[in-house]
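Asker: Structure file my_file-v7.txt, compact mmCIF, C-alpha atoms, is pasted below:
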# COMPACT_ATOMS: atom_id res chain seq x y z
CA HIS A 1 -20.42 -143.56 -59.27
CA PRO A 2 -24.19 -144.27 -59.19
CA ALA A 3 -25.26 -147.35 -57.28
CA ARG A 4 -26.80 -150.18 -59.26
CA ALA A 5 -30.57 -150.31 -58.83
CA GLN A 6 -32.08 -153.51 -57.55
CA ARG A 7 -33.00 -155.90 -60.35
CA PRO A 8 -36.45 -157.54 -60.61
CA GLY A 9 -36.61 -160.73 -58.57
CA GLU A 10 -33.55 -159.89 -56.49
CA ILE A 11 -33.75 -160.74 -52.81
CA GLY A 12 -34.35 -157.84 -50.50
CA SER A 13 -36.55 -154.77 -50.63
CA VAL A 14 -35.71 -151.17 -51.31
CA PRO A 15 -36.79 -148.96 -48.41
CA PRO A 16 -38.47 -145.64 -49.18
CA THR A 17 -36.18 -142.72 -49.90
CA PRO A 18 -35.70 -140.75 -46.67
CA LYS A 19 -36.35 -137.04 -46.73
CA LEU A 20 -33.10 -135.29 -45.99
CA PRO A 21 -32.43 -131.74 -44.84
CA LYS A 22 -30.63 -129.25 -47.06
CA TYR A 23 -27.47 -129.79 -45.04
CA LEU A 24 -25.86 -132.80 -43.39
CA GLY A 25 -23.14 -131.36 -41.20
CA ASP A 26 -20.84 -129.34 -43.48
CA TYR A 27 -22.35 -130.80 -46.65
CA ALA A 28 -25.17 -129.41 -48.76
CA VAL A 29 -27.37 -132.16 -50.18
CA LEU A 30 -27.95 -131.62 -53.89
CA ARG A 31 -29.94 -134.49 -55.36
CA PRO A 32 -30.31 -138.29 -55.32
CA LEU A 33 -27.84 -140.24 -57.41
CA ALA A 34 -29.52 -143.65 -57.45
CA LYS A 35 -31.78 -146.05 -55.62
CA GLY A 36 -30.69 -149.44 -54.41
CA LEU A 37 -30.43 -151.41 -51.21
CA ASP A 38 -28.42 -148.44 -49.96
CA ARG A 39 -28.85 -144.78 -50.89
CA LEU A 40 -26.35 -142.47 -52.52
CA ARG A 41 -26.59 -138.68 -52.63
CA PHE A 42 -24.69 -135.98 -54.38
CA ALA A 43 -23.29 -133.56 -51.84
CA VAL A 44 -21.05 -130.51 -51.92
CA ARG A 45 -19.06 -129.13 -49.02
CA SER A 46 -20.51 -125.80 -48.02
CA GLU A 47 -17.33 -124.47 -46.38
CA PRO A 48 -15.11 -123.06 -47.71
CA GLN A 49 -17.55 -121.79 -50.29
CA GLU A 50 -14.79 -120.60 -52.63
CA HIS A 51 -13.62 -124.20 -53.13
CA PRO A 52 -16.73 -126.40 -53.35
CA ARG A 53 -16.15 -130.08 -54.04
CA LEU A 54 -18.50 -132.95 -54.86
CA TYR A 55 -18.83 -135.92 -52.52
CA VAL A 56 -21.13 -138.90 -52.22
CA VAL A 57 -23.30 -139.27 -49.14
CA LYS A 58 -24.40 -142.84 -48.59
CA ILE A 59 -27.49 -143.27 -46.45
CA PHE A 60 -27.93 -146.46 -44.45
CA PRO A 61 -31.42 -147.67 -43.53
CA GLY A 62 -32.24 -147.84 -39.84
CA VAL A 63 -31.52 -150.98 -37.85
CA PRO A 64 -34.44 -153.43 -38.22
CA ASP A 65 -36.39 -154.34 -35.11
CA ASN A 66 -35.33 -157.46 -33.21
CA THR A 67 -31.79 -157.29 -34.63
CA PRO A 68 -29.34 -159.04 -32.25
CA GLU A 69 -26.79 -156.69 -30.71
CA VAL A 70 -23.93 -158.60 -32.35
CA ASP A 71 -25.42 -157.87 -35.80
CA ARG A 72 -26.39 -154.24 -35.25
CA GLU A 73 -22.99 -152.91 -36.34
CA ARG A 74 -23.67 -154.32 -39.81
CA TYR A 75 -26.08 -151.41 -40.32
CA VAL A 76 -23.69 -148.70 -39.13
CA PRO A 77 -20.85 -147.40 -41.34
CA ARG A 78 -17.38 -147.29 -39.83
CA LEU A 79 -14.65 -144.79 -40.54
CA THR A 80 -11.10 -146.20 -40.45
CA ARG A 81 -8.84 -143.23 -39.76
CA GLY A 82 -5.82 -142.92 -42.03
CA LEU A 83 -7.00 -145.49 -44.55
CA SER A 84 -6.07 -143.49 -47.64
CA HIS A 85 -4.76 -145.01 -50.86
CA ARG A 86 -5.08 -144.16 -54.54
CA ASN A 87 -6.84 -147.50 -55.20
CA LEU A 88 -9.36 -147.26 -52.35
CA VAL A 89 -12.44 -145.04 -52.26
CA GLU A 90 -11.81 -142.70 -49.35
CA SER A 91 -14.32 -142.08 -46.57
CA TYR A 92 -14.35 -138.73 -44.79
CA GLN A 93 -17.08 -138.56 -42.20
CA VAL A 94 -19.83 -140.59 -40.55
CA GLY A 95 -22.88 -139.13 -38.90
CA GLU A 96 -26.50 -139.65 -37.94
CA TYR A 97 -29.64 -137.76 -38.86
CA ASP A 98 -33.14 -138.59 -37.68
CA GLY A 99 -32.19 -142.20 -36.90
CA LEU A 100 -30.39 -142.74 -40.22
CA HIS A 101 -26.66 -143.25 -40.40
CA TYR A 102 -24.74 -141.66 -43.26
CA LEU A 103 -21.25 -141.82 -44.66
CA VAL A 104 -19.51 -139.09 -46.69
CA MET A 105 -17.25 -140.58 -49.34
CA GLU A 106 -15.06 -139.59 -52.25
CA TYR A 107 -17.00 -139.00 -55.48
CA VAL A 108 -15.58 -141.07 -58.35
CA LEU A 109 -16.85 -140.33 -61.85
CA SER A 110 -16.81 -143.91 -63.11
CA VAL A 111 -18.51 -147.09 -64.18
CA ASP A 112 -18.12 -150.27 -62.19
CA LEU A 113 -16.41 -153.37 -63.51
CA GLU A 114 -19.66 -155.34 -63.43
CA PHE A 115 -21.10 -152.94 -66.01
CA VAL A 116 -18.05 -153.48 -68.25
CA LEU A 117 -18.18 -157.28 -67.96
CA THR A 118 -21.93 -157.41 -68.58
CA HIS A 119 -21.60 -155.14 -71.62
CA CYS A 120 -18.87 -157.33 -73.12
CA ARG A 121 -20.88 -160.52 -72.57
CA ARG A 122 -23.91 -159.03 -74.29
CA LYS A 123 -21.80 -157.91 -77.23
CA LYS A 124 -20.00 -161.29 -77.22
CA GLU A 125 -16.71 -159.49 -76.97
CA ARG A 126 -13.74 -160.16 -74.73
CA VAL A 127 -12.29 -157.65 -72.34
CA PRO A 128 -8.75 -156.99 -73.61
CA LEU A 129 -6.13 -158.91 -71.64
CA GLU A 130 -4.22 -155.71 -70.90
CA VAL A 131 -7.31 -154.15 -69.32
CA VAL A 132 -7.98 -157.22 -67.16
CA LEU A 133 -4.39 -157.38 -65.94
CA TYR A 134 -4.38 -153.65 -65.20
CA ALA A 135 -7.57 -154.01 -63.17
CA GLY A 136 -6.17 -157.00 -61.29
CA ARG A 137 -2.95 -155.16 -60.50
CA GLU A 138 -4.73 -152.06 -59.19
CA ILE A 139 -7.17 -154.08 -57.07
CA CYS A 140 -4.22 -155.95 -55.55
CA ARG A 141 -2.39 -152.72 -54.80
CA GLY A 142 -5.37 -151.41 -52.86
CA LEU A 143 -5.80 -154.71 -51.02
CA ALA A 144 -2.08 -154.93 -50.19
CA PHE A 145 -2.29 -151.54 -48.51
CA LEU A 146 -5.47 -152.49 -46.67
CA HIS A 147 -4.07 -155.85 -45.53
CA GLY A 148 -1.00 -154.18 -44.03
CA PHE A 149 -2.82 -151.24 -42.48
CA GLY A 150 -2.74 -150.69 -38.73
CA ALA A 151 -2.32 -153.09 -35.83
CA ASP A 152 -5.47 -155.07 -36.65
CA LYS A 153 -5.22 -157.45 -39.57
CA LEU A 154 -8.01 -156.40 -41.90
CA LEU A 155 -9.60 -157.77 -45.03
CA HIS A 156 -12.18 -156.35 -47.39
CA GLY A 157 -14.49 -159.37 -47.54
CA ARG A 158 -16.76 -157.97 -50.28
CA VAL A 159 -14.47 -157.74 -53.29
CA ALA A 160 -16.69 -158.03 -56.37
CA PRO A 161 -16.95 -156.40 -59.83
CA SER A 162 -19.72 -154.08 -58.59
CA HIS A 163 -17.29 -152.69 -56.00
CA VAL A 164 -14.49 -152.02 -58.51
CA LEU A 165 -14.85 -148.50 -59.90
CA MET A 166 -13.18 -147.72 -63.21
CA ALA A 167 -12.84 -143.95 -63.31
CA TYR A 168 -13.01 -142.07 -66.59
CA SER A 169 -9.58 -140.67 -65.69
CA GLY A 170 -8.16 -144.21 -66.01
CA GLN A 171 -7.75 -144.71 -62.28
CA LEU A 172 -9.24 -147.76 -60.60
CA LYS A 173 -10.62 -147.76 -57.07
CA LEU A 174 -12.01 -150.42 -54.76
CA ALA A 175 -15.20 -149.30 -53.05
CA HIS A 176 -17.11 -150.52 -49.99
CA VAL A 177 -14.24 -150.09 -47.54
CA HIS A 178 -16.51 -148.93 -44.70
CA ARG A 179 -17.40 -152.43 -43.46
CA LEU A 180 -14.03 -154.13 -43.22
CA LEU A 181 -13.59 -157.50 -41.54
CA LYS A 182 -10.92 -158.54 -39.06
CA VAL A 183 -8.87 -161.68 -39.62
CA GLY A 184 -10.51 -164.51 -37.70
CA ALA A 185 -14.01 -163.08 -38.11
CA THR A 186 -16.87 -165.50 -38.69
CA THR A 187 -19.53 -163.86 -40.78
CA THR A 188 -21.58 -164.29 -43.92
CA ILE A 189 -22.86 -161.62 -46.27
CA LYS A 190 -26.62 -161.35 -45.94
CA ALA A 191 -29.03 -160.95 -48.83
CA HIS A 192 -29.59 -157.24 -48.20
CA ASP A 193 -25.96 -156.54 -49.09
CA GLY A 194 -27.02 -157.47 -52.64
CA GLU A 195 -25.05 -157.27 -55.87
CA ARG A 196 -23.92 -160.89 -56.33
CA VAL A 197 -21.13 -160.37 -53.80
CA SER A 198 -21.46 -163.93 -52.46
CA ALA A 199 -20.52 -165.46 -55.84
CA TYR A 200 -16.95 -164.15 -55.40
CA GLN A 201 -16.51 -165.10 -51.76
CA SER A 202 -14.20 -167.85 -50.62
CA PRO A 203 -15.72 -171.12 -49.36
CA GLU A 204 -14.82 -170.38 -45.74
CA LEU A 205 -16.50 -166.97 -45.90
CA LEU A 206 -19.63 -168.44 -47.47
CA GLU A 207 -19.76 -171.16 -44.82
CA GLY A 208 -19.29 -168.77 -41.91
CA ARG A 209 -15.89 -170.18 -40.94
CA PRO A 210 -13.04 -167.97 -39.65
CA VAL A 211 -11.48 -166.03 -42.51
CA ASP A 212 -8.16 -164.43 -43.27
CA GLN A 213 -6.85 -162.22 -46.04
CA ARG A 214 -6.75 -165.11 -48.50
CA ALA A 215 -10.51 -164.60 -48.86
CA ASP A 216 -9.76 -161.37 -50.76
CA VAL A 217 -7.20 -163.17 -52.93
CA PHE A 218 -9.88 -165.73 -53.86
CA ALA A 219 -12.25 -162.92 -54.87
CA VAL A 220 -9.64 -161.29 -57.11
CA GLY A 221 -9.00 -164.63 -58.80
CA ALA A 222 -12.74 -165.08 -59.34
CA ILE A 223 -13.01 -161.64 -60.94
CA LEU A 224 -10.07 -162.32 -63.25
CA TRP A 225 -11.50 -165.72 -64.20
CA GLU A 226 -14.84 -164.14 -65.09
CA ALA A 227 -13.26 -161.28 -67.03
CA LEU A 228 -11.02 -163.55 -69.11
CA SER A 229 -13.42 -166.44 -69.65
CA GLY A 230 -16.44 -164.36 -70.59
CA GLN A 231 -18.54 -166.53 -68.26
CA ARG A 232 -20.30 -165.28 -65.15
CA PHE A 233 -18.68 -166.61 -62.00
CA GLU A 234 -21.86 -167.97 -60.46
CA ILE A 235 -22.91 -170.31 -57.71
CA GLY A 236 -25.34 -172.94 -58.92
CA PRO A 237 -27.05 -176.09 -57.66
CA GLY A 238 -25.33 -178.42 -60.14
CA ASP A 239 -21.78 -179.53 -60.86
CA ASP A 240 -21.81 -177.49 -64.06
CA ALA A 241 -22.05 -174.12 -62.29
CA SER A 242 -19.22 -171.89 -63.51
CA ARG A 243 -17.83 -171.39 -59.98
CA THR A 244 -17.58 -175.16 -59.52
CA LEU A 245 -15.91 -175.58 -62.90
CA ALA A 246 -13.37 -172.88 -62.05
CA THR A 247 -12.52 -173.85 -58.47
CA GLU A 248 -12.27 -177.59 -59.19
CA GLY A 249 -10.44 -177.17 -62.47
CA ARG A 250 -12.89 -179.28 -64.47
CA ILE A 251 -12.66 -176.99 -67.47
CA PRO A 252 -9.39 -175.05 -67.89
CA LEU A 253 -9.65 -171.29 -68.34
CA THR A 254 -7.84 -171.64 -71.66
CA GLU A 255 -10.75 -173.66 -73.02
CA PHE A 256 -12.87 -170.52 -72.78
CA ASN A 257 -10.04 -168.23 -73.85
CA PRO A 258 -6.94 -169.83 -75.42
CA ASP A 259 -5.14 -166.48 -75.55
CA VAL A 260 -4.59 -166.27 -71.77
CA PRO A 261 -0.86 -166.72 -71.00
CA ASP A 262 0.11 -169.79 -68.96
CA ASP A 263 1.55 -167.74 -66.09
CA VAL A 264 -1.72 -165.79 -65.76
CA VAL A 265 -3.70 -169.06 -65.72
CA GLU A 266 -1.40 -170.39 -63.00
CA ILE A 267 -1.89 -167.31 -60.83
CA ILE A 268 -5.69 -167.45 -61.16
CA GLU A 269 -5.84 -171.19 -60.44
CA LYS A 270 -3.67 -170.77 -57.34
CA SER A 271 -5.86 -167.94 -56.04
CA LEU A 272 -8.96 -170.13 -56.37
CA GLU A 273 -7.52 -173.02 -54.40
CA LYS A 274 -9.53 -173.99 -51.33
CA VAL A 275 -8.05 -173.01 -47.98
For the file at hand, write its structure as structure tokens.

Answerer:
Amino acid sequence: HPARAQRPGEIGSVPPTPKLPKYLGDYAVLRPLAKGLDRLRFAVRSEPQEHPRLYVVKIFPGVPDNTPEVDRERYVPRLTRGLSHRNLVESYQVGEYDGLHYLVMEYVLSVDLEFVLTHCRRKKERVPLEVVLYAGREICRGLAFLHGFGADKLLHGRVAPSHVLMAYSGQLKLAHVHRLLKVGATTTIKAHDGERVSAYQSPELLEGRPVDQRADVFAVGAILWEALSGQRFEIGPGDDASRTLATEGRIPLTEFNPDVPDDVVEIIEKSLEKV
């Protein structure tokens, strides 16, 4: 899955592409996949040579100067051992080369859900209800596994259409599982994380209040609302911003799409309720 390139006018700057060696550990670097706020690389395991396999190597820029110690871990990928599920992009190895941290991940031949939603809006077409419900179900399956994993209560915290990979095989996987949050964490997603992630975050996460796993439920509801309404789920300065309309129930989802079943509307409205 190639990373989305930064759009003109988007906050943040794209650092220069680092020059990598031919090998990173056991992986042979092939070629760049895409440029964005983070880097992705094609890679193939060099051993055993008789069974080569493609992976993605994600390169993380170095830690900026004057970064407080408490924030430094934001720039370092983490590997959660045993976190393996069919609906989560799997991570295999973390490492460091010449001051740059890298993460070796599963390669998923796919498009992301943001691409699908944007394409349908431009064509003025609706995403079929069956496709939306399938995506919602698979996202929830991955999150249910993540939420119940290990002794620490974890949440994703960055669930967004750009992190939902729709594989050409029909499988759906949730990406960006290398920076998980713990229940009770107080954090906000900074601008350099990019990709409109903040639009789908719960109010308490946006405000830097302690969060729990309901923050992920809110994000899933926001994605479903956007997919079924055909409107971008956006934060705006006025009362007519789509996020405000959705979370405060000023305009029912069925006004945008009368074909959405009542029970689906009820589930989405409940997920968007303020904590």

Asker: Counting only C-alpha atoms, which of A:Leu24, A:Ala222, A:Thr186, A:Val89 gets nearest to Leu206 (chain A)?

Answerer: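 Distance minimum relative to Leu206 (chain A) lands on A:Thr186.
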
Asker: What's the 7 Å shell around region 111-128 of chain A, counting all atoms listed in the file, without same-chain residues fewer than 2 positions away, as a list in words?

Answerer: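 Everything that qualifies: His1, Glu130, Val131, Val132, Pro161, Ser162, His163, Val164, Leu165, Met166, Ala167, Ala227, Leu228 and Gly230 of chain A.
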
Asker: Do you have the CA of Arg196 (chain A)-CA of His101 (chain A) distance handy?

Answerer: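 Result for CA of Arg196 (chain A) versus CA of His101 (chain A): 23.9 Å, one decimal.
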
Asker: Here is a test: counting all atoms listed in the file, which residue of A:Leu88, A:Val104, A:Ala199, A:Ile267 is nearest to Gln171 (chain A)?

Answerer: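 Of the candidates, the smallest distance to Gln171 (chain A) is held by A:Leu88.
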
Asker: One number please: CA of Leu100 (chain A) to CA of Arg81 (chain A), in Å, one decimal.

Answerer: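 Computing it gives 21.6 Å between the two atoms.
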
Asker: Counting all atoms listed in the file, what is within 8 Å of Asp216 (chain A), bar same-chain residues fewer than 3 positions away, as a PyMOL selection string?

Answerer: chain A and resi 143+155-159+201-202+213+219-220

Asker: Quick one, how far is CA of Gln93 (chain A) from CA of Phe145 (chain A)?

Answerer: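 Going from CA of Gln93 (chain A) over to CA of Phe145 (chain A) covers 20.7 Å.
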
Asker: Name all residues at most 8 Å from Phe233 (chain A) (count only C-alpha atoms; drop same-chain ones fewer than 3 positions away) and give them as a VMD selection string.

Answerer: chain A and resid 199 to 200 222 to 223 225 to 226 242 to 243

Asker: May I have the centre and edge lengths, in Å to one decimal, of an axis-aligned box around the listed atoms of region 89-100 of chain A with 4 Å added to every side, as JSON?

Answerer:
{"center_x": -22.5, "center_y": -141.4, "center_z": -44.6, "size_x": 29.3, "size_y": 15.3, "size_z": 23.4}

Asker: Is it possible to add N, CA and C atoms to region 120-136 of chain A and hand it back as a JSON list (two decimals), in the coordinates of the input?

Answerer:
[["chain", "number", "residue", "atom", "x", "y", "z"],
["A", 120, "CYS", "N", -19.67, -156.49, -72.23],
["A", 120, "CYS", "CA", -18.87, -157.33, -73.12],
["A", 120, "CYS", "C", -19.54, -158.68, -73.37],
["A", 121, "ARG", "N", -20.17, -159.26, -72.36],
["A", 121, "ARG", "CA", -20.88, -160.52, -72.57],
["A", 121, "ARG", "C", -22.04, -160.35, -73.55],
["A", 122, "ARG", "N", -22.77, -159.27, -73.39],
["A", 122, "ARG", "CA", -23.91, -159.03, -74.29],
["A", 122, "ARG", "C", -23.46, -158.81, -75.73],
["A", 123, "LYS", "N", -22.33, -158.17, -75.89],
["A", 123, "LYS", "CA", -21.80, -157.91, -77.23],
["A", 123, "LYS", "C", -20.98, -159.10, -77.75],
["A", 124, "LYS", "N", -20.81, -160.12, -76.89],
["A", 124, "LYS", "CA", -20.00, -161.29, -77.22],
["A", 124, "LYS", "C", -18.58, -160.88, -77.59],
["A", 125, "GLU", "N", -18.08, -159.96, -76.80],
["A", 125, "GLU", "CA", -16.71, -159.49, -76.97],
["A", 125, "GLU", "C", -15.90, -159.80, -75.72],
["A", 126, "ARG", "N", -14.61, -159.91, -75.86],
["A", 126, "ARG", "CA", -13.74, -160.16, -74.73],
["A", 126, "ARG", "C", -13.14, -158.86, -74.21],
["A", 127, "VAL", "N", -13.01, -158.78, -72.92],
["A", 127, "VAL", "CA", -12.29, -157.65, -72.34],
["A", 127, "VAL", "C", -10.82, -157.85, -72.69],
["A", 128, "PRO", "N", -10.16, -156.83, -73.24],
["A", 128, "PRO", "CA", -8.75, -156.99, -73.61],
["A", 128, "PRO", "C", -7.91, -157.45, -72.42],
["A", 129, "LEU", "N", -6.98, -158.36, -72.69],
["A", 129, "LEU", "CA", -6.13, -158.91, -71.64],
["A", 129, "LEU", "C", -5.42, -157.81, -70.87],
["A", 130, "GLU", "N", -4.94, -156.79, -71.57],
["A", 130, "GLU", "CA", -4.22, -155.71, -70.90],
["A", 130, "GLU", "C", -5.11, -154.98, -69.89],
["A", 131, "VAL", "N", -6.37, -154.82, -70.23],
["A", 131, "VAL", "CA", -7.31, -154.15, -69.32],
["A", 131, "VAL", "C", -7.56, -155.00, -68.08],
["A", 132, "VAL", "N", -7.74, -156.30, -68.29],
["A", 132, "VAL", "CA", -7.98, -157.22, -67.16],
["A", 132, "VAL", "C", -6.78, -157.24, -66.22],
["A", 133, "LEU", "N", -5.59, -157.33, -66.78],
["A", 133, "LEU", "CA", -4.39, -157.38, -65.94],
["A", 133, "LEU", "C", -4.17, -156.06, -65.21],
["A", 134, "TYR", "N", -4.48, -154.95, -65.88],
["A", 134, "TYR", "CA", -4.38, -153.65, -65.20],
["A", 134, "TYR", "C", -5.35, -153.59, -64.03],
["A", 135, "ALA", "N", -6.59, -154.02, -64.25],
["A", 135, "ALA", "CA", -7.57, -154.01, -63.17],
["A", 135, "ALA", "C", -7.12, -154.90, -62.02],
["A", 136, "GLY", "N", -6.63, -156.09, -62.34],
["A", 136, "GLY", "CA", -6.17, -157.00, -61.29],
["A", 136, "GLY", "C", -5.02, -156.41, -60.49]]
